[in-house]
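Have a look at protein-v3.csv below; it lists CSV, C-alpha atoms.
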```
chain,number,residue,atom,x,y,z
P,1,MET,CA,45.9,78.4,-161.9
P,2,SER,CA,48.9,78.8,-159.6
P,3,ARG,CA,50.2,75.4,-160.5
P,4,HIS,CA,50.8,76.7,-164.1
P,5,ILE,CA,52.9,79.7,-163.0
P,6,PRO,CA,56.3,77.9,-162.8
P,7,ASN,CA,55.7,76.3,-166.3
P,8,LEU,CA,54.7,79.7,-167.7
P,9,LEU,CA,57.9,81.2,-166.4
P,10,THR,CA,59.9,78.3,-167.9
P,11,LEU,CA,58.3,78.9,-171.3
P,12,SER,CA,59.1,82.6,-171.0
P,13,ASN,CA,62.7,81.5,-170.6
P,14,LEU,CA,62.4,79.6,-173.8
P,15,PHE,CA,60.8,82.5,-175.6
P,16,CYS,CA,63.6,84.8,-174.6
P,17,GLY,CA,66.1,82.2,-175.7
P,18,CYS,CA,64.5,82.0,-179.2
P,19,CYS,CA,64.6,85.8,-179.5
P,20,ALA,CA,68.2,85.9,-178.4
P,21,LEU,CA,69.1,83.3,-181.0
P,22,ILE,CA,67.7,85.3,-183.8
P,23,TYR,CA,69.5,88.5,-182.7
P,24,ALA,CA,72.8,86.6,-182.0
P,25,LEU,CA,72.9,85.0,-185.5
P,26,ASN,CA,72.4,88.5,-187.0
P,27,GLY,CA,75.2,90.1,-185.1
P,28,MET,CA,72.9,92.2,-182.9
P,29,THR,CA,74.9,91.2,-179.8
P,30,VAL,CA,73.6,93.8,-177.3
P,31,VAL,CA,70.0,93.1,-178.0
P,32,ALA,CA,70.6,89.3,-177.8
P,33,ALA,CA,72.4,89.9,-174.4
P,34,TRP,CA,69.3,91.6,-173.0
P,35,PHE,CA,67.2,88.6,-174.0
P,36,ILE,CA,69.7,86.3,-172.4
P,37,PHE,CA,69.3,88.4,-169.2
P,38,GLY,CA,65.6,87.7,-169.5
P,39,CYS,CA,66.4,83.9,-169.8
P,40,PHE,CA,68.3,84.1,-166.5
P,41,LEU,CA,65.6,85.9,-164.7
P,42,PHE,CA,62.9,83.5,-165.8
P,43,ASP,CA,65.2,80.5,-165.1
P,44,TYR,CA,65.6,81.6,-161.5
P,45,ALA,CA,62.0,82.7,-161.1
P,46,ASP,CA,60.5,79.3,-162.2
P,47,GLY,CA,62.4,77.4,-159.6
P,48,MET,CA,61.7,79.9,-156.9
P,49,SER,CA,58.0,80.1,-157.7
P,50,ALA,CA,57.7,76.3,-157.7
P,51,ARG,CA,59.3,76.1,-154.2
P,52,ALA,CA,57.2,79.0,-152.9
P,53,LEU,CA,54.0,77.4,-154.1
P,54,GLY,CA,55.0,73.9,-153.1
P,55,ILE,CA,54.7,72.7,-156.7
P,56,SER,CA,56.8,70.0,-158.3
P,57,SER,CA,56.0,68.0,-161.4
P,58,PRO,CA,57.8,65.8,-163.9
P,59,LEU,CA,56.5,68.1,-166.7
P,60,GLY,CA,58.1,71.1,-165.1
P,61,LYS,CA,61.5,69.4,-164.9
P,62,GLN,CA,61.4,68.3,-168.5
P,63,LEU,CA,60.3,71.8,-169.7
P,64,ASP,CA,63.1,73.4,-167.7
P,65,SER,CA,65.7,71.3,-169.5
P,66,LEU,CA,64.2,71.8,-172.9
P,67,ALA,CA,64.2,75.6,-172.4
P,68,ASP,CA,67.7,75.5,-171.1
P,69,VAL,CA,68.9,73.6,-174.2
P,70,VAL,CA,67.9,76.6,-176.3
P,71,SER,CA,68.7,79.4,-173.9
P,72,PHE,CA,72.0,78.0,-172.6
P,73,GLY,CA,73.0,75.6,-175.3
P,74,VAL,CA,72.0,76.9,-178.7
P,75,VAL,CA,72.3,80.6,-178.0
P,76,PRO,CA,75.9,80.7,-176.7
P,77,ALA,CA,76.8,78.5,-179.7
P,78,ALA,CA,75.2,81.1,-182.0
P,79,PHE,CA,77.4,83.8,-180.4
P,80,LEU,CA,80.4,81.7,-181.2
P,81,TYR,CA,79.1,81.0,-184.7
P,82,HIS,CA,78.9,84.7,-185.4
P,83,MET,CA,82.4,85.3,-184.1
P,84,LEU,CA,83.8,82.6,-186.4
P,85,ARG,CA,81.7,83.8,-189.3
P,86,SER,CA,82.8,87.4,-188.9
P,87,GLY,CA,86.4,86.5,-188.8
P,88,HIS,CA,86.4,84.0,-191.7
P,89,CYS,CA,83.3,84.4,-193.9
P,90,GLY,CA,82.3,88.0,-193.4
P,91,ALA,CA,78.8,89.0,-194.7
P,92,LEU,CA,79.2,87.7,-198.2
P,93,PRO,CA,75.7,87.3,-199.7
P,94,GLU,CA,76.9,84.5,-201.9
P,95,GLN,CA,77.9,82.5,-198.8
P,96,PRO,CA,75.0,82.7,-196.3
P,97,ILE,CA,76.4,79.7,-194.3
P,98,CYS,CA,80.0,79.7,-193.0
P,99,PRO,CA,81.2,76.0,-192.9
P,100,LYS,CA,84.2,77.0,-190.7
P,101,ALA,CA,81.8,78.4,-188.1
P,102,LEU,CA,79.6,75.3,-187.8
P,103,PRO,CA,81.8,73.6,-185.2
P,104,ALA,CA,80.4,76.3,-182.8
P,105,PHE,CA,77.3,74.1,-182.4
P,106,VAL,CA,79.4,71.3,-180.9
P,107,LEU,CA,78.9,73.3,-177.7
P,108,THR,CA,75.2,72.8,-178.1
P,109,MET,CA,75.7,69.0,-178.3
P,110,PHE,CA,77.7,68.9,-175.0
P,111,SER,CA,75.3,71.4,-173.4
P,112,ALA,CA,72.4,69.0,-174.1
P,113,MET,CA,74.6,66.1,-172.7
P,114,ARG,CA,75.3,68.1,-169.6
P,115,LEU,CA,71.6,68.9,-169.0
P,116,GLY,CA,70.6,65.3,-169.6
P,117,ARG,CA,73.2,64.1,-167.1
P,118,PHE,CA,72.0,66.7,-164.6
P,119,ASN,CA,68.5,65.3,-164.7
P,120,ILE,CA,69.5,61.8,-163.7
P,121,ASP,CA,72.4,62.7,-161.3
P,122,THR,CA,71.1,62.6,-157.8
P,123,ARG,CA,74.3,64.2,-156.4
P,124,GLN,CA,73.6,67.7,-157.8
P,125,THR,CA,71.2,69.0,-155.2
P,126,THR,CA,73.4,71.5,-153.4
P,127,TYR,CA,76.3,71.7,-155.8
P,128,PHE,CA,77.0,71.2,-159.5
P,129,MET,CA,79.2,68.4,-161.0
P,130,GLY,CA,80.9,70.2,-163.9
P,131,LEU,CA,80.3,73.7,-165.2
P,132,SER,CA,76.6,74.5,-165.5
P,133,THR,CA,75.2,75.6,-168.8
P,134,PRO,CA,74.2,79.1,-167.6
P,135,ALA,CA,77.8,79.6,-166.4
P,136,SER,CA,79.1,78.5,-169.8
P,137,THR,CA,76.7,81.0,-171.4
P,138,VAL,CA,77.8,83.8,-169.2
P,139,PHE,CA,81.5,83.2,-170.2
P,140,VAL,CA,80.6,83.2,-173.9
P,141,LEU,CA,78.4,86.3,-173.5
P,142,GLY,CA,81.3,88.2,-171.9
P,143,LEU,CA,83.5,87.4,-175.0
P,144,ALA,CA,80.8,88.3,-177.4
P,145,LEU,CA,80.1,91.7,-175.8
P,146,SER,CA,83.8,92.4,-175.4
P,147,GLY,CA,84.4,91.6,-179.1
P,148,TYR,CA,81.4,93.6,-180.2
P,149,HIS,CA,82.7,96.7,-178.3
P,150,ASN,CA,86.4,95.8,-179.1
P,151,ARG,CA,87.4,96.0,-175.4
P,152,PHE,CA,91.1,95.7,-174.9
P,153,GLY,CA,91.5,94.9,-178.7
P,154,LEU,CA,89.7,91.6,-178.2
P,155,THR,CA,88.0,91.7,-181.6
P,156,GLN,CA,91.3,90.9,-183.3
P,157,VAL,CA,92.1,88.2,-180.7
P,158,LEU,CA,88.7,86.5,-181.3
P,159,ASP,CA,89.4,86.4,-185.1
P,160,ASN,CA,91.7,83.5,-184.4
P,161,GLN,CA,89.5,80.5,-185.2
P,162,TRP,CA,91.7,78.0,-183.4
P,163,LEU,CA,91.2,80.0,-180.2
P,164,ILE,CA,87.5,79.7,-180.5
P,165,TYR,CA,87.7,76.0,-181.4
P,166,ALA,CA,89.8,75.5,-178.2
P,167,LEU,CA,87.3,77.4,-176.1
P,168,ILE,CA,84.5,75.3,-177.5
P,169,ALA,CA,86.4,72.1,-176.6
P,170,LEU,CA,87.3,73.4,-173.1
P,171,LEU,CA,83.7,74.5,-172.3
P,172,SER,CA,82.3,71.2,-173.6
P,173,TRP,CA,84.7,69.3,-171.4
P,174,LEU,CA,84.1,71.4,-168.3
P,175,MET,CA,80.4,71.0,-168.5
P,176,ASN,CA,80.6,67.2,-168.6
P,177,SER,CA,83.5,66.9,-166.2
P,178,GLU,CA,83.4,65.5,-162.6
P,179,ILE,CA,84.7,68.7,-161.1
P,180,PRO,CA,82.4,69.7,-158.2
P,181,MET,CA,81.4,73.4,-158.3
P,182,PHE,CA,79.5,75.6,-156.0
P,183,GLY,CA,75.7,75.7,-156.6
P,184,MET,CA,74.3,79.1,-157.4
P,185,LYS,CA,70.6,78.5,-157.0
P,186,ILE,CA,68.8,80.7,-154.4
P,187,LYS,CA,66.7,78.3,-152.4
P,188,SER,CA,66.2,80.5,-149.3
P,189,PHE,CA,66.9,84.1,-148.3
P,190,ASP,CA,69.1,83.5,-145.3
P,191,LEU,CA,72.6,85.0,-145.4
P,192,ARG,CA,74.5,81.8,-144.6
P,193,SER,CA,73.1,79.7,-147.4
P,194,ASN,CA,73.8,82.5,-149.9
P,195,ALA,CA,77.2,83.6,-148.7
P,196,PHE,CA,79.1,82.4,-151.8
P,197,SER,CA,76.5,83.9,-154.2
P,198,LEU,CA,76.9,87.3,-152.4
P,199,VAL,CA,80.7,87.0,-152.6
P,200,PHE,CA,80.4,86.1,-156.3
P,201,LEU,CA,78.2,89.1,-156.9
P,202,ALA,CA,80.6,91.4,-155.1
P,203,VAL,CA,83.6,90.1,-157.2
P,204,PHE,CA,81.5,90.6,-160.4
P,205,VAL,CA,80.7,94.2,-159.5
P,206,ALA,CA,84.4,94.9,-158.9
P,207,LEU,CA,85.4,93.2,-162.1
P,208,VAL,CA,82.9,95.3,-164.1
P,209,PHE,CA,84.6,98.5,-162.9
P,210,PHE,CA,88.0,97.3,-164.4
P,211,LEU,CA,87.0,95.0,-167.2
P,212,LYS,CA,83.6,96.2,-168.4
P,213,GLU,CA,81.8,93.5,-170.5
P,214,LEU,CA,84.8,91.1,-170.1
P,215,ALA,CA,83.8,90.8,-166.4
P,216,PHE,CA,81.2,88.2,-167.4
P,217,SER,CA,84.0,85.9,-168.6
P,218,ALA,CA,86.4,86.8,-165.9
P,219,VAL,CA,83.9,86.1,-163.1
P,220,ILE,CA,83.3,82.6,-164.5
P,221,ILE,CA,87.1,81.9,-164.4
P,222,PHE,CA,87.0,83.1,-160.8
P,223,TYR,CA,84.1,80.8,-160.1
P,224,ILE,CA,85.9,77.8,-161.5
P,225,ALA,CA,89.1,78.6,-159.7
P,226,VAL,CA,87.4,79.0,-156.3
P,227,SER,CA,85.4,75.7,-156.9
P,228,LEU,CA,88.7,73.9,-157.6
P,229,GLY,CA,90.5,75.5,-154.6
P,230,PHE,CA,87.7,74.8,-152.2
P,231,ARG,CA,86.7,71.4,-153.5
P,232,ASN,CA,86.1,70.0,-149.9
P,233,ARG,CA,83.9,73.0,-149.1
P,234,VAL,CA,81.8,72.4,-152.2
P,235,LEU,CA,81.2,68.7,-151.3
P,236,ALA,CA,80.5,69.5,-147.6
P,237,PRO,CA,76.9,68.7,-146.5
P,238,PRO,CA,74.7,71.8,-146.0
```
Just give me the structure as structure tokens.
Amino acid sequence: MSRHIPNLLTLSNLFCGCCALIYALNGMTVVAAWFIFGCFLFDYADGMSARALGISSPLGKQLDSLADVVSFGVVPAAFLYHMLRSGHCGALPEQPICPKALPAFVLTMFSAMRLGRFNIDTRQTTYFMGLSTPASTVFVLGLALSGYHNRFGLTQVLDNQWLIYALIALLSWLMNSEIPMFGMKIKSFDLRSNAFSLVFLAVFVALVFFLKELAFSAVIIFYIAVSLGFRNRVLAPP
């Protein structure tokens, strides 16, 4: 039975992603965010359990990518769709679909491309090449929550459809770029191998104090900046 545990956790990630999708499309951003949190927990847990149990299978790898396409590809696009819809189509019953908001799902296309490239890229064992789909999701989640609570007047800023389109294009490019970025997977529990993750967590906690929900987006900008500034450190062998 133990060999099925990682796959069950991966499928739980997918379940949370599907629930988050429904809530995100209906503007229930906070509830969707909690399900996204569940996605992250299960995404980390499946890999850690597989390593702890010494289990690795081609099926598990495929399931992981399929779940991530939904949780970290479709769901962030759904948040962006709702932002665009709220600003340009409202909740008009005669227009259930907002054509101007559909470009949000371009992000899903490039998220799937990024996940496919990751599966065949042998370089990405200790670091990422390009922004990971979970990191992209965290950035979008920060904007969605900040807009929902209107932190710093961000609701009005996000009503600019061209800004959202530009963010979609930027995130799509970053995910499929050749920029090396620090890996965030916890593969062991020693301090040295998790030093960057701990610094990253400390910066996030500090940002939450000042920026509230916008800290999710700000910490991803910090992550990208540090990865660019310490490119040689990212590429250094472990």
Would you kindly return, as a PyMOL selection string, each protein, DNA or RNA residue with an atom no farther than 12 Å from any atom of P:Ser57, considering all atoms listed in the file and excluding same-chain residues fewer than 3 positions away?
-> chain P and resi 3-4+6-7+47+50-51+54+60-64
Considering all atoms listed in the file, return as a CSV table (one decimal) with C-alpha atoms, in the coordinates of the input whatever protein or nucleic-acid residues lie within 9 Å of P:Ala33, sequence-local ones (same chain, fewer than 6 positions apart) excluded.
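Wrote around-v5.csv, looks like this:
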```csv
chain,number,residue,atom,x,y,z
P,20,ALA,CA,68.2,85.9,-178.4
P,23,TYR,CA,69.5,88.5,-182.7
P,24,ALA,CA,72.8,86.6,-182.0
P,141,LEU,CA,78.4,86.3,-173.5
P,145,LEU,CA,80.1,91.7,-175.8
```
Quick one: residues within 9 Å of (66.0, 79.0, -162.7) (file frame), counting all atoms listed in the file, please, as a list in words.
-> Thr10, Asn13, Cys39, Phe40, Leu41, Phe42, Asp43, Tyr44, Ala45, Asp46, Gly47, Met48, Asp64, Lys185 and Ile186 of chain P
Output C-alpha atoms of each residue in that selection to a file, as a JSON list (two decimals), in the coordinates of the input.
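This is the output file part23.json:
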```json
[["chain", "number", "residue", "atom", "x", "y", "z"],
["P", 10, "THR", "CA", 59.90, 78.30, -167.90],
["P", 13, "ASN", "CA", 62.70, 81.50, -170.60],
["P", 39, "CYS", "CA", 66.40, 83.90, -169.80],
["P", 40, "PHE", "CA", 68.30, 84.10, -166.50],
["P", 41, "LEU", "CA", 65.60, 85.90, -164.70],
["P", 42, "PHE", "CA", 62.90, 83.50, -165.80],
["P", 43, "ASP", "CA", 65.20, 80.50, -165.10],
["P", 44, "TYR", "CA", 65.60, 81.60, -161.50],
["P", 45, "ALA", "CA", 62.00, 82.70, -161.10],
["P", 46, "ASP", "CA", 60.50, 79.30, -162.20],
["P", 47, "GLY", "CA", 62.40, 77.40, -159.60],
["P", 48, "MET", "CA", 61.70, 79.90, -156.90],
["P", 64, "ASP", "CA", 63.10, 73.40, -167.70],
["P", 185, "LYS", "CA", 70.60, 78.50, -157.00],
["P", 186, "ILE", "CA", 68.80, 80.70, -154.40]]
```
Find the spatial neighbours of stretch 211-213 of chain P, counting only C-alpha atoms, within a cut-off of 12 Å - ignore same-chain residues fewer than 6 positions away - and output them as an NGL selection string.
-> :P and (29-30 or 33 or 138-152 or 154 or 203-205 or 219)
Could you tell me how far atom CA of P:Tyr127 lies from atom CA of P:Leu235, in Å and to one decimal?
->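 Computing the Euclidean distance for atom CA of P:Tyr127 and atom CA of P:Leu235 yields 7.3 Å.
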Between atom CA of P:Asn176 and atom CA of P:Val31, what is the distance, to one decimal in Å?
-> 29.5 Å
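Closest approach to P:Met28 among P:Met175, P:Ala78, P:Ala169, P:Leu84 is made by P:Ala78 (distances from only C-alpha atoms).
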Which residue gives the smallest distance to P:Met83 among P:Phe209, P:Tyr165, P:Phe182, P:Trp173, with all atoms listed in the file counted?
->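 Of the candidates, the smallest distance to P:Met83 is held by P:Tyr165.
Our summary of the geometry notes that atom CA of P:Met181 is positioned 6.2 Å from atom CA of P:Val234.
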With distances taken over only C-alpha atoms, the candidate from P:Lys100, P:Phe79, P:Tyr223, P:Leu59 nearest P:Leu131 is P:Tyr223
Write out as a ChimeraX atom specification each polymer residue whose atoms come within 6 Å of P:Cys98, counting all atoms listed in the file; drop sequence neighbours fewer than 2 positions from it.
-> /P:85,89,100-101
Spatial neighbours of P:Pro99, max dist 12 Å, all atoms listed in the file, sep filter under 3 positions, as a ChimeraX atom specification = /P:81-82,84-85,88-89,95-96,102-105
